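Coordinates as given in protein_23.pdb (PDB, C-alpha atoms):
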ATOM      1  CA  MET A   1       0.000   0.000   0.000
ATOM      2  CA  ARG A   2       2.764   2.406   0.975
ATOM      3  CA  ALA A   3       4.617   1.501  -2.226
ATOM      4  CA  ARG A   4       1.566   2.476  -4.280
ATOM      5  CA  VAL A   5       1.343   5.840  -2.493
ATOM      6  CA  TYR A   6       5.041   6.511  -3.161
ATOM      7  CA  GLU A   7       4.639   5.514  -6.803
ATOM      8  CA  ILE A   8       1.647   7.857  -7.302
ATOM      9  CA  LEU A   9       3.507  10.679  -5.526
ATOM     10  CA  GLY A  10       6.602  10.112  -7.661
ATOM     11  CA  VAL A  11       4.675  10.198 -10.933
ATOM     12  CA  GLY A  12       2.727  13.217  -9.605
ATOM     13  CA  PHE A  13       5.989  15.078  -9.031
ATOM     14  CA  LEU A  14       7.212  14.200 -12.539
ATOM     15  CA  LEU A  15       3.935  15.471 -14.006
ATOM     16  CA  GLY A  16       4.013  18.545 -11.753
ATOM     17  CA  SER A  17       7.341  19.598 -13.258
ATOM     18  CA  ALA A  18       5.419  20.372 -16.491
ATOM     19  CA  TYR A  19       3.975  23.481 -14.790
ATOM     20  CA  PHE A  20       7.440  24.896 -14.097
ATOM     21  CA  PHE A  21       8.611  24.151 -17.633
ATOM     22  CA  TYR A  22       5.527  25.907 -18.958
ATOM     23  CA  ARG A  23       6.293  28.957 -16.808
ATOM     24  CA  THR A  24       9.909  28.841 -18.050
ATOM     25  CA  VAL A  25       8.667  29.215 -21.642
ATOM     26  CA  GLU A  26       6.569  32.213 -20.586
ATOM     27  CA  PHE A  27       9.464  33.892 -18.750
ATOM     28  CA  LEU A  28      11.931  33.288 -21.587
ATOM     29  CA  ALA A  29       9.450  34.603 -24.175
ATOM     30  CA  ARG A  30       9.216  37.814 -22.101
ATOM     31  CA  SER A  31      13.049  37.961 -22.060
ATOM     32  CA  ASP A  32      13.040  37.529 -18.269
ATOM     33  CA  TYR A  33      16.033  35.188 -18.319
ATOM     34  CA  VAL A  34      16.700  35.136 -14.560
ATOM     35  CA  ALA A  35      13.124  34.112 -13.763
ATOM     36  CA  GLY A  36      13.249  31.582 -16.628
ATOM     37  CA  LEU A  37      16.437  30.015 -15.274
ATOM     38  CA  MET A  38      14.995  29.854 -11.753
ATOM     39  CA  ALA A  39      11.780  28.205 -12.974
ATOM     40  CA  LEU A  40      13.854  25.746 -15.007
ATOM     41  CA  ILE A  41      15.932  24.811 -11.948
ATOM     42  CA  VAL A  42      12.759  24.344  -9.900
ATOM     43  CA  GLY A  43      11.392  22.062 -12.671
ATOM     44  CA  PHE A  44      14.527  19.909 -12.547
ATOM     45  CA  LEU A  45      14.442  19.778  -8.735
ATOM     46  CA  VAL A  46      10.818  18.605  -8.849
ATOM     47  CA  ILE A  47      11.828  15.851 -11.300
ATOM     48  CA  ARG A  48      14.742  14.874  -9.055
ATOM     49  CA  ALA A  49      12.372  14.627  -6.070
ATOM     50  CA  GLY A  50       9.959  12.509  -8.160
ATOM     51  CA  VAL A  51      12.782  10.149  -9.132
ATOM     52  CA  ASP A  52      13.819   9.666  -5.504
ATOM     53  CA  ILE A  53      10.246   9.080  -4.358
ATOM     54  CA  SER A  54       9.885   6.481  -7.160
ATOM     55  CA  ARG A  55      13.067   4.835  -5.901
ATOM     56  CA  LEU A  56      11.454   4.560  -2.478
ATOM     57  CA  ALA A  57       8.408   2.984  -4.166
ATOM     58  CA  VAL A  58      10.590   0.331  -5.853
ATOM     59  CA  ALA A  59      12.392  -0.478  -2.602
ATOM     60  CA  GLU A  60       9.086  -0.649  -0.721
ATOM     61  CA  THR A  61       7.582  -3.012  -3.368
ATOM     62  CA  ARG A  62      10.494  -5.390  -2.912
ATOM     63  CA  GLU A  63      10.202  -5.316   0.880
ATOM     64  CA  GLU A  64       6.460  -5.949   0.694
ATOM     65  CA  SER A  65       6.865  -8.913  -1.646
ATOM     66  CA  GLN A  66       9.586 -10.589   0.470
TER
ATOM     67  CA  MET B   1      -1.514 -30.336 -32.549
ATOM     68  CA  ASP B   2       1.803 -30.479 -30.709
ATOM     69  CA  PRO B   3       1.932 -27.498 -28.282
ATOM     70  CA  THR B   4       5.547 -26.719 -29.219
ATOM     71  CA  TYR B   5       4.573 -26.625 -32.893
ATOM     72  CA  ARG B   6       1.564 -24.402 -32.098
ATOM     73  CA  GLN B   7       3.755 -22.046 -30.105
ATOM     74  CA  ALA B   8       6.272 -21.880 -32.944
ATOM     75  CA  ALA B   9       3.523 -21.211 -35.519
ATOM     76  CA  ARG B  10       2.229 -18.370 -33.324
ATOM     77  CA  ALA B  11       5.753 -16.950 -33.038
ATOM     78  CA  GLU B  12       6.137 -17.108 -36.816
ATOM     79  CA  ARG B  13       2.857 -15.239 -37.321
ATOM     80  CA  GLY B  14       4.035 -12.648 -34.789
ATOM     81  CA  GLN B  15       7.282 -12.259 -36.741
ATOM     82  CA  ARG B  16       5.365 -11.624 -39.994
ATOM     83  CA  GLN B  17       3.068  -9.057 -38.357
ATOM     84  CA  TRP B  18       6.048  -7.324 -36.771
ATOM     85  CA  MET B  19       7.902  -7.228 -40.110
ATOM     86  CA  PHE B  20       4.860  -5.642 -41.806
ATOM     87  CA  LEU B  21       4.499  -3.001 -39.068
ATOM     88  CA  PHE B  22       8.246  -2.342 -39.089
ATOM     89  CA  PHE B  23       8.239  -1.653 -42.849
ATOM     90  CA  VAL B  24       5.084   0.522 -42.694
ATOM     91  CA  VAL B  25       6.522   2.729 -39.919
ATOM     92  CA  ALA B  26      10.002   2.910 -41.466
ATOM     93  CA  ILE B  27       8.747   3.792 -44.961
ATOM     94  CA  SER B  28       6.382   6.368 -43.476
ATOM     95  CA  LEU B  29       9.391   7.898 -41.714
ATOM     96  CA  TRP B  30      11.335   8.027 -44.983
ATOM     97  CA  LEU B  31       8.352   9.572 -46.815
ATOM     98  CA  GLN B  32       8.128  12.324 -44.201
ATOM     99  CA  TRP B  33      11.826  13.114 -43.898
ATOM    100  CA  LEU B  34      13.340  12.514 -47.307
ATOM    101  CA  GLY B  35      10.444  11.630 -49.663
ATOM    102  CA  PRO B  36       9.700  15.249 -50.722
ATOM    103  CA  GLY B  37      13.428  15.936 -51.173
ATOM    104  CA  ALA B  38      13.906  12.846 -53.372
ATOM    105  CA  LEU B  39      10.822  13.774 -55.433
ATOM    106  CA  ALA B  40      12.116  17.338 -55.892
ATOM    107  CA  GLU B  41      15.490  15.934 -56.966
ATOM    108  CA  VAL B  42      13.822  13.665 -59.574
ATOM    109  CA  ARG B  43      11.670  16.515 -60.925
ATOM    110  CA  SER B  44      14.468  19.069 -60.983
ATOM    111  CA  GLU B  45      16.215  19.482 -64.337
ATOM    112  CA  ASP B  46      19.603  20.007 -62.714
ATOM    113  CA  GLY B  47      19.049  17.287 -60.102
ATOM    114  CA  SER B  48      22.089  15.343 -58.982
ATOM    115  CA  GLU B  49      22.088  11.549 -59.056
ATOM    116  CA  SER B  50      24.494  11.293 -56.144
ATOM    117  CA  VAL B  51      22.207  13.448 -53.965
ATOM    118  CA  LEU B  52      19.265  11.242 -54.981
ATOM    119  CA  ALA B  53      21.307   8.161 -54.065
ATOM    120  CA  LEU B  54      22.010   9.652 -50.613
ATOM    121  CA  GLN B  55      18.298  10.289 -50.154
ATOM    122  CA  LEU B  56      17.466   6.710 -51.159
ATOM    123  CA  LEU B  57      20.207   5.306 -48.900
ATOM    124  CA  PRO B  58      17.831   4.774 -45.889
ATOM    125  CA  LEU B  59      15.695   2.407 -47.990
ATOM    126  CA  ALA B  60      18.722   0.167 -48.551
ATOM    127  CA  ALA B  61      19.633   0.480 -44.865
ATOM    128  CA  LEU B  62      16.048  -0.474 -44.003
ATOM    129  CA  VAL B  63      16.364  -3.860 -45.736
ATOM    130  CA  LEU B  64      19.630  -4.525 -43.882
ATOM    131  CA  ALA B  65      18.075  -3.388 -40.577
ATOM    132  CA  ALA B  66      15.070  -5.682 -41.070
ATOM    133  CA  MET B  67      17.350  -8.680 -41.645
ATOM    134  CA  TRP B  68      19.706  -7.796 -38.809
ATOM    135  CA  ASN B  69      18.772  -9.793 -35.750
ATOM    136  CA  HIS B  70      20.547  -7.374 -33.435
ATOM    137  CA  SER B  71      18.428  -4.835 -31.597
ATOM    138  CA  ILE B  72      21.027  -2.045 -31.257
ATOM    139  CA  GLY B  73      21.981  -2.375 -34.945
ATOM    140  CA  ARG B  74      18.352  -2.202 -36.001
ATOM    141  CA  LEU B  75      17.666   0.787 -33.771
ATOM    142  CA  THR B  76      20.624   2.836 -34.981
ATOM    143  CA  LEU B  77      21.417   1.806 -38.573
ATOM    144  CA  PHE B  78      18.224   3.086 -40.201
ATOM    145  CA  PRO B  79      17.990   6.483 -38.386
ATOM    146  CA  ILE B  80      21.724   7.169 -38.922
ATOM    147  CA  SER B  81      21.415   6.478 -42.666
ATOM    148  CA  PHE B  82      19.142   9.554 -42.880
ATOM    149  CA  ILE B  83      21.952  11.957 -41.961
ATOM    150  CA  PRO B  84      23.634  12.314 -45.421
ATOM    151  CA  GLY B  85      20.220  12.723 -47.125
ATOM    152  CA  LEU B  86      19.112  15.334 -44.562
ATOM    153  CA  VAL B  87      22.348  17.266 -45.026
ATOM    154  CA  MET B  88      21.665  17.422 -48.787
ATOM    155  CA  LEU B  89      17.955  18.307 -48.444
ATOM    156  CA  PRO B  90      16.942  21.345 -50.582
ATOM    157  CA  ASP B  91      16.103  24.522 -48.593
ATOM    158  CA  ALA B  92      12.356  24.483 -49.404
ATOM    159  CA  GLU B  93      11.946  20.874 -48.228
ATOM    160  CA  LEU B  94      14.067  21.523 -45.125
ATOM    161  CA  GLU B  95      11.902  24.524 -44.248
ATOM    162  CA  ALA B  96       8.728  22.456 -44.758
ATOM    163  CA  LEU B  97      10.129  19.724 -42.514
ATOM    164  CA  THR B  98      10.942  22.150 -39.684
ATOM    165  CA  THR B  99       7.456  23.629 -39.295
ATOM    166  CA  ALA B 100       5.867  22.730 -35.937
ATOM    167  CA  GLY B 101       3.314  20.210 -37.312
ATOM    168  CA  SER B 102       5.749  18.349 -39.584
ATOM    169  CA  LEU B 103       8.418  18.289 -36.897
ATOM    170  CA  ILE B 104       6.089  16.804 -34.281
ATOM    171  CA  LEU B 105       4.794  14.213 -36.780
ATOM    172  CA  ALA B 106       8.330  13.314 -37.883
ATOM    173  CA  LEU B 107       9.599  12.983 -34.289
ATOM    174  CA  SER B 108       6.528  10.933 -33.272
ATOM    175  CA  THR B 109       7.117   8.575 -36.202
ATOM    176  CA  LEU B 110      10.776   8.265 -35.228
ATOM    177  CA  ALA B 111       9.741   7.402 -31.654
ATOM    178  CA  LEU B 112       7.268   4.842 -33.039
ATOM    179  CA  TYR B 113      10.021   3.354 -35.212
ATOM    180  CA  LEU B 114      12.286   2.971 -32.157
ATOM    181  CA  VAL B 115       9.496   1.279 -30.190
ATOM    182  CA  VAL B 116       8.510  -1.091 -33.034
ATOM    183  CA  SER B 117      12.131  -1.825 -33.848
ATOM    184  CA  ALA B 118      12.952  -2.689 -30.234
ATOM    185  CA  ALA B 119       9.873  -4.903 -29.878
ATOM    186  CA  ARG B 120      10.864  -7.595 -32.377
ATOM    187  CA  PRO B 121       9.304 -10.907 -31.264
ATOM    188  CA  PRO B 122      11.572 -13.939 -30.717
ATOM    189  CA  GLU B 123      12.342 -16.253 -33.641
ATOM    190  CA  ALA B 124      10.087 -19.292 -34.127
ATOM    191  CA  SER B 125      11.835 -22.532 -33.217
ATOM    192  CA  TYR B 126      10.144 -25.764 -34.275
ATOM    193  CA  GLY B 127      11.095 -28.708 -32.098
ATOM    194  CA  VAL B 128      13.240 -26.801 -29.593
ATOM    195  CA  PRO B 129      11.211 -25.481 -26.637
ATOM    196  CA  ARG B 130      11.451 -21.725 -26.094
ATOM    197  CA  ARG B 131      13.277 -20.457 -23.047
ATOM    198  CA  ARG B 132      11.003 -19.411 -20.227
ATOM    199  CA  PRO B 133      11.115 -15.747 -19.139
ATOM    200  CA  ALA B 134      13.399 -15.207 -16.142
ATOM    201  CA  GLN B 135      11.759 -15.870 -12.773
ATOM    202  CA  ALA B 136      12.945 -14.852  -9.323
ATOM    203  CA  GLY B 137      16.188 -16.659  -8.565
ATOM    204  CA  GLU B 138      16.739 -17.669 -12.212
ATOM    205  CA  GLY B 139      18.931 -14.829 -13.366
ATOM    206  CA  GLY B 140      16.309 -12.050 -13.514
ATOM    207  CA  ASP B 141      14.921 -10.230 -10.470
ATOM    208  CA  GLY B 142      11.338 -11.477 -11.007
ATOM    209  CA  TYR B 143       9.917  -7.964 -11.366
ATOM    210  CA  SER B 144       9.715  -7.778 -15.151
ATOM    211  CA  ARG B 145       6.029  -6.756 -15.144
ATOM    212  CA  SER B 146       6.545  -3.911 -12.692
ATOM    213  CA  PHE B 147       9.640  -2.887 -14.682
ATOM    214  CA  ARG B 148       7.556  -2.632 -17.868
ATOM    215  CA  ARG B 149       4.963  -0.548 -16.013
ATOM    216  CA  PHE B 150       7.712   1.640 -14.543
ATOM    217  CA  VAL B 151       9.160   2.359 -18.002
ATOM    218  CA  GLY B 152       5.730   2.768 -19.649
ATOM    219  CA  VAL B 153       4.503   5.302 -17.060
ATOM    220  CA  ARG B 154       7.691   7.340 -17.371
ATOM    221  CA  MET B 155       7.521   7.346 -21.154
ATOM    222  CA  ALA B 156       3.905   8.582 -20.940
ATOM    223  CA  VAL B 157       4.872  11.330 -18.465
ATOM    224  CA  MET B 158       7.750  12.493 -20.648
ATOM    225  CA  GLY B 159       5.425  12.446 -23.684
ATOM    226  CA  ALA B 160       3.014  14.679 -21.740
ATOM    227  CA  LEU B 161       5.886  17.020 -20.818
ATOM    228  CA  PHE B 162       6.887  17.226 -24.492
ATOM    229  CA  ALA B 163       3.263  18.049 -25.412
ATOM    230  CA  VAL B 164       3.091  20.825 -22.769
ATOM    231  CA  ILE B 165       6.361  22.406 -23.945
ATOM    232  CA  THR B 166       5.355  22.190 -27.623
ATOM    233  CA  PHE B 167       1.933  23.694 -26.889
ATOM    234  CA  ALA B 168       3.521  26.539 -24.941
ATOM    235  CA  LEU B 169       6.042  27.200 -27.714
ATOM    236  CA  PHE B 170       3.756  27.117 -30.740
ATOM    237  CA  TRP B 171       0.117  27.553 -29.735
ATOM    238  CA  ASP B 172      -0.138  29.263 -26.351
ATOM    239  CA  PRO B 173      -1.689  32.747 -26.817
ATOM    240  CA  SER B 174       0.090  34.337 -23.814
ATOM    241  CA  VAL B 175       3.511  33.201 -25.089
ATOM    242  CA  ALA B 176       2.654  34.384 -28.621
ATOM    243  CA  GLU B 177       1.658  37.753 -27.122
ATOM    244  CA  ALA B 178       4.943  38.002 -25.222
ATOM    245  CA  LEU B 179       6.886  37.154 -28.385
ATOM    246  CA  ALA B 180       4.903  39.717 -30.385
ATOM    247  CA  ALA B 181       6.248  42.424 -28.052
ATOM    248  CA  VAL B 182       9.822  41.752 -29.253
ATOM    249  CA  ASP B 183      11.048  44.411 -31.714
ATOM    250  CA  GLY B 184      11.321  43.431 -35.383
ATOM    251  CA  GLU B 185      10.424  40.264 -37.309
ATOM    252  CA  ALA B 186      14.006  38.925 -37.203
ATOM    253  CA  GLY B 187      14.241  39.592 -33.453
ATOM    254  CA  ARG B 188      10.949  37.767 -32.841
ATOM    255  CA  LYS B 189      12.104  34.735 -34.836
ATOM    256  CA  THR B 190      15.456  34.633 -33.047
ATOM    257  CA  GLN B 191      13.777  34.909 -29.646
ATOM    258  CA  HIS B 192      11.342  32.112 -30.559
ATOM    259  CA  ALA B 193      14.142  29.860 -31.840
ATOM    260  CA  PHE B 194      16.206  30.559 -28.691
ATOM    261  CA  VAL B 195      13.322  29.653 -26.355
ATOM    262  CA  ALA B 196      12.560  26.502 -28.421
ATOM    263  CA  VAL B 197      16.190  25.319 -28.336
ATOM    264  CA  VAL B 198      16.481  25.924 -24.572
ATOM    265  CA  MET B 199      13.182  24.184 -23.832
ATOM    266  CA  TYR B 200      13.754  21.119 -26.016
ATOM    267  CA  PHE B 201      17.222  20.781 -24.526
ATOM    268  CA  ALA B 202      15.668  21.018 -21.060
ATOM    269  CA  TRP B 203      13.166  18.331 -22.096
ATOM    270  CA  MET B 204      15.980  16.000 -23.149
ATOM    271  CA  VAL B 205      17.716  16.540 -19.803
ATOM    272  CA  ALA B 206      14.391  15.827 -18.073
ATOM    273  CA  VAL B 207      13.974  12.578 -20.062
ATOM    274  CA  TYR B 208      17.500  11.524 -19.147
ATOM    275  CA  MET B 209      17.060  12.407 -15.491
ATOM    276  CA  GLY B 210      13.476  11.311 -14.965
ATOM    277  CA  ALA B 211      13.048   8.283 -17.235
ATOM    278  CA  LEU B 212      16.171   7.002 -18.945
ATOM    279  CA  LEU B 213      18.603   6.837 -16.038
ATOM    280  CA  PRO B 214      16.196   5.243 -13.491
ATOM    281  CA  SER B 215      15.103   2.664 -16.097
ATOM    282  CA  LEU B 216      18.687   1.848 -17.060
ATOM    283  CA  ASN B 217      19.709   1.523 -13.410
ATOM    284  CA  TRP B 218      16.984  -1.054 -12.902
ATOM    285  CA  GLU B 219      17.848  -2.819 -16.154
ATOM    286  CA  TYR B 220      21.540  -3.063 -15.255
ATOM    287  CA  HIS B 221      20.637  -4.332 -11.822
ATOM    288  CA  ARG B 222      18.444  -6.997 -13.464
ATOM    289  CA  ARG B 223      21.003  -8.044 -16.049
ATOM    290  CA  ARG B 224      24.067  -7.762 -13.817
ATOM    291  CA  PRO B 225      26.317  -7.121 -16.845
ATOM    292  CA  PRO B 226      29.887  -8.469 -16.578
ATOM    293  CA  LEU B 227      32.106  -5.408 -16.391
ATOM    294  CA  LYS B 228      35.448  -7.159 -15.992
ATOM    295  CA  LYS B 229      37.424  -7.841 -19.153
ATOM    296  CA  GLU B 230      38.150 -11.455 -18.273
ATOM    297  CA  SER B 231      34.488 -12.203 -17.536
ATOM    298  CA  LEU B 232      33.261 -11.045 -20.964
ATOM    299  CA  ALA B 233      32.200 -13.871 -23.256
ATOM    300  CA  ARG B 234      33.837 -12.320 -26.326
ATOM    301  CA  PRO B 235      36.211  -9.455 -25.492
ATOM    302  CA  GLY B 236      36.883  -8.880 -29.255
ATOM    303  CA  ARG B 237      33.303  -7.730 -29.637
ATOM    304  CA  LEU B 238      33.892  -4.679 -27.439
ATOM    305  CA  ARG B 239      36.887  -3.683 -29.520
ATOM    306  CA  ARG B 240      34.781  -3.992 -32.705
ATOM    307  CA  ARG B 241      32.095  -1.822 -31.138
ATOM    308  CA  VAL B 242      34.623   0.891 -30.353
ATOM    309  CA  TRP B 243      35.735   0.835 -34.005
ATOM    310  CA  ILE B 244      32.103   1.113 -35.181
ATOM    311  CA  TRP B 245      31.529   4.170 -32.978
ATOM    312  CA  LEU B 246      34.755   5.736 -34.245
ATOM    313  CA  ALA B 247      33.665   5.094 -37.869
ATOM    314  CA  LEU B 248      30.278   6.738 -37.177
ATOM    315  CA  LEU B 249      32.035   9.669 -35.529
ATOM    316  CA  MET B 250      34.261  10.095 -38.599
ATOM    317  CA  THR B 251      31.201   9.947 -40.916
ATOM    318  CA  MET B 252      29.421  12.606 -38.858
ATOM    319  CA  THR B 253      32.489  14.858 -38.763
ATOM    320  CA  THR B 254      33.027  14.495 -42.530
ATOM    321  CA  SER B 255      29.327  15.215 -43.231
ATOM    322  CA  THR B 256      29.473  18.342 -41.060
ATOM    323  CA  PHE B 257      32.691  19.467 -42.730
ATOM    324  CA  LEU B 258      31.211  18.936 -46.218
ATOM    325  CA  TRP B 259      28.065  20.792 -45.158
ATOM    326  CA  LEU B 260      30.115  23.786 -44.018
ATOM    327  CA  VAL B 261      32.462  23.818 -47.012
ATOM    328  CA  LEU B 262      30.082  23.057 -49.935
TER
END
Would you write out, as structure tokens, the structure that this file holds?
Amino acid sequence: MRARVYEILGVGFLLGSAYFFYRTVEFLARSDYVAGLMALIVGFLVIRAGVDISRLAVAETREESQ
Amino acid sequence: MDPTYRQAARAERGQRQWMFLFFVVAISLWLQWLGPGALAEVRSEDGSESVLALQLLPLAALVLAAMWNHSIGRLTLFPISFIPGLVMLPDAELEALTTAGSLILALSTLALYLVVSAARPPEASYGVPRRRPAQAGEGGDGYSRSFRRFVGVRMAVMGALFAVITFALFWDPSVAEALAAVDGEAGRKTQHAFVAVVMYFAWMVAVYMGALLPSLNWEYHRRRPPLKKESLARPGRLRRRVWIWLALLMTMTTSTFLWLVL
């Protein structure tokens, strides 16, 4: 059960990064490069968090099945 | 009917269906990328036969790729054979290929080709029973179904991310409005191209970070590849691979050089 929650959270984080990438396009189109770079970094950090939560989900699945 | 024979007949049917799909997707890719260029070359009065040959090269590579029972070879040979033809593509056809709609269609077909190419079913073997898929404690880690789901979900998420970025770049009214505020037509185009390059690069980094690397880590863990020289079954194969990559590198460098000089 916990593994499923982690998996959904992980995928949710990966999907959530789309918002920050979208905002990056907006900022860059307005030539606001600093804001664009910051939004881009936030997008990558959200992906990184999603990857680590997914890793927890994989580890949890293995523990549950043993 | 003998179950082994039935299984082999099913595998053979699967092979035929795969071959059909493989050719349909690959030819569709060629028609989108190089078909218009080849047609223009044939129609043109001062068309060059060597350029036409370069544009037809992927069709020859396709036959080799279809026969090649080696997944990496199949995946790379056909797409790489497009490079010389693309370099020689006339300006009008190149411009038509790089519009948003054509580009998305061409990249989607390429992705489909990679998926179909990688999913070649196993060869039919009459008389010899097929090897069972790896179970827990038999070489694999016994999580192949959850691995497939893991990869599938991440591919879908990255596809969605690509769609969001492409929508924002080409169809979003607020972005178009912001770009319209840039001075001059040339300035607007440069700004748009700059944002597109940055965002597609960011997308590739996201795919690497969020989908490719986690999937590969799991795959390597599952396969436990031998990384010591003495434990490799055929060490000569690695050396050959290095030579192949060097040959491809030389081809790419020469193509780029010719492109810049001619």
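Each of B:Ala119, B:Leu39, B:Met155, B:Ala168 was checked against Ala18 (chain A) using all atoms listed in the file; the smallest atom-to-atom distance is that of B:Ala168.
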Using all atoms listed in the file, what table do you get, as a Markdown table, when you list each residue of chain B with an atom no more than 8 Å from chain A, its nearest pair of atoms, and their distance in Å rounded to one decimal, rows by chain then rising number?
| residue | atom | partner | partner_atom | distance |
| --- | --- | --- | --- | --- |
| B:Val153 | CA | A:Val11 | CA | 7.8 |
| B:Arg154 | CA | A:Val11 | CA | 7.7 |
| B:Val157 | CA | A:Leu15 | CA | 6.2 |
| B:Ala160 | CA | A:Leu15 | CA | 7.8 |
| B:Leu161 | CA | A:Ala18 | CA | 5.5 |
| B:Val164 | CA | A:Ala18 | CA | 6.7 |
| B:Ile165 | CA | A:Tyr22 | CA | 6.2 |
| B:Ala168 | CA | A:Tyr22 | CA | 6.3 |
| B:Leu169 | CA | A:Val25 | CA | 6.9 |
| B:Ser174 | CA | A:Glu26 | CA | 7.5 |
| B:Val175 | CA | A:Glu26 | CA | 5.5 |
| B:Ala178 | CA | A:Arg30 | CA | 5.3 |
| B:Leu179 | CA | A:Ala29 | CA | 5.6 |
| B:Gln191 | CA | A:Ala29 | CA | 7.0 |
| B:His192 | CA | A:Ala29 | CA | 7.1 |
| B:Val195 | CA | A:Leu28 | CA | 6.2 |
| B:Met199 | CA | A:Val25 | CA | 7.1 |
| B:Ala202 | CA | A:Leu40 | CA | 7.9 |
| B:Ala206 | CA | A:Phe44 | CA | 6.9 |
| B:Met209 | CA | A:Arg48 | CA | 7.3 |
| B:Gly210 | CA | A:Val51 | CA | 6.0 |
| B:Pro214 | CA | A:Val51 | CA | 7.4 |
Give me the result of the PyMOL selection byres ((chain A and resi 6) around 9) on this file, residue by residue, as a PDB file with C-alpha atoms, in the coordinates of the input.
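Output saved as part-v4.pdb:
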ATOM      1  CA  MET A   1       0.000   0.000   0.000  1.00  0.00           C
ATOM      2  CA  ARG A   2       2.764   2.406   0.975  1.00  0.00           C
ATOM      3  CA  ALA A   3       4.617   1.501  -2.226  1.00  0.00           C
ATOM      4  CA  ARG A   4       1.566   2.476  -4.280  1.00  0.00           C
ATOM      5  CA  VAL A   5       1.343   5.840  -2.493  1.00  0.00           C
ATOM      6  CA  GLU A   7       4.639   5.514  -6.803  1.00  0.00           C
ATOM      7  CA  ILE A   8       1.647   7.857  -7.302  1.00  0.00           C
ATOM      8  CA  LEU A   9       3.507  10.679  -5.526  1.00  0.00           C
ATOM      9  CA  GLY A  10       6.602  10.112  -7.661  1.00  0.00           C
ATOM     10  CA  VAL A  11       4.675  10.198 -10.933  1.00  0.00           C
ATOM     11  CA  ILE A  53      10.246   9.080  -4.358  1.00  0.00           C
ATOM     12  CA  SER A  54       9.885   6.481  -7.160  1.00  0.00           C
ATOM     13  CA  ARG A  55      13.067   4.835  -5.901  1.00  0.00           C
ATOM     14  CA  LEU A  56      11.454   4.560  -2.478  1.00  0.00           C
ATOM     15  CA  ALA A  57       8.408   2.984  -4.166  1.00  0.00           C
ATOM     16  CA  VAL A  58      10.590   0.331  -5.853  1.00  0.00           C
ATOM     17  CA  GLU A  60       9.086  -0.649  -0.721  1.00  0.00           C
TER      18      GLU A  60
END
Separation of CA of Trp68 (chain B) from CA of Trp243 (chain B) in Å: 18.8 Å
Atom-to-atom span, CA of Gly37 (chain B) and CA of Leu103 (chain B), Å: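 Computing the Euclidean distance for CA of Gly37 (chain B) and CA of Leu103 (chain B) yields 15.3 Å.
Note that CA of Phe22 (chain B) and CA of Val116 (chain B) are 6.2 Å apart.
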Using the file's own x, y and z axes, what box holds all listed atoms of region 175-194 of chain B with 3 Å on each side, keeping edges along x, y and z, and what are its centre and edge lengths in Å to one decimal, as lines of an AutoDock Vina configuration file?
center_x = 8.9
center_y = 37.1
center_z = -31.2
size_x = 20.5
size_y = 20.6
size_z = 18.2
Contacts of region 32-34 of chain B within 9 Å, all atoms listed in the file, excl. fewer than 6 positions in-chain, as a list in words: Gln55, Leu56, Phe82, Gly85, Leu86, Leu89, Glu93, Leu94, Leu97, Ser102, Leu105, Ala106 and Thr109 of chain B
Distance criterion (all atoms listed in the file): nearest to Thr166 (chain B) out of B:Ser117, B:Arg241, B:Ile104, B:Gly152: B:Ile104
Selected residue of minimal separation from Thr253 (chain B) among B:Met204, B:Ala176, B:Ala8, B:Ile83, counting only C-alpha atoms: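 Between B:Met204, B:Ala176, B:Ala8, B:Ile83, the residue approaching Thr253 (chain B) most closely is B:Ile83.
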From the block you just saw, export region 4-12 of chain A: N, CA and C atoms, as an mmCIF file, in the first residue's frame.
data_model
loop_
_atom_site.group_PDB
_atom_site.id
_atom_site.type_symbol
_atom_site.label_atom_id
_atom_site.label_comp_id
_atom_site.auth_asym_id
_atom_site.auth_seq_id
_atom_site.Cartn_x
_atom_site.Cartn_y
_atom_site.Cartn_z
ATOM 1 N N ARG A 4 2.475 1.872 -3.296
ATOM 2 C CA ARG A 4 1.566 2.476 -4.280
ATOM 3 C C ARG A 4 1.493 3.997 -4.094
ATOM 4 N N VAL A 5 1.409 4.398 -2.800
ATOM 5 C CA VAL A 5 1.343 5.840 -2.493
ATOM 6 C C VAL A 5 2.609 6.545 -2.981
ATOM 7 N N TYR A 6 3.767 5.927 -2.712
ATOM 8 C CA TYR A 6 5.041 6.511 -3.161
ATOM 9 C C TYR A 6 5.073 6.610 -4.679
ATOM 10 N N GLU A 7 4.597 5.545 -5.338
ATOM 11 C CA GLU A 7 4.639 5.514 -6.803
ATOM 12 C C GLU A 7 3.775 6.650 -7.389
ATOM 13 N N ILE A 8 2.547 6.801 -6.807
ATOM 14 C CA ILE A 8 1.647 7.857 -7.302
ATOM 15 C C ILE A 8 2.262 9.236 -7.052
ATOM 16 N N LEU A 9 2.857 9.388 -5.845
ATOM 17 C CA LEU A 9 3.507 10.679 -5.526
ATOM 18 C C LEU A 9 4.657 10.971 -6.495
ATOM 19 N N GLY A 10 5.444 9.944 -6.764
ATOM 20 C CA GLY A 10 6.602 10.112 -7.661
ATOM 21 C C GLY A 10 6.163 10.550 -9.048
ATOM 22 N N VAL A 11 5.169 9.847 -9.594
ATOM 23 C CA VAL A 11 4.675 10.198 -10.933
ATOM 24 C C VAL A 11 4.027 11.586 -10.890
ATOM 25 N N GLY A 12 3.350 11.898 -9.766
ATOM 26 C CA GLY A 12 2.727 13.217 -9.605
ATOM 27 C C GLY A 12 3.769 14.329 -9.661
#
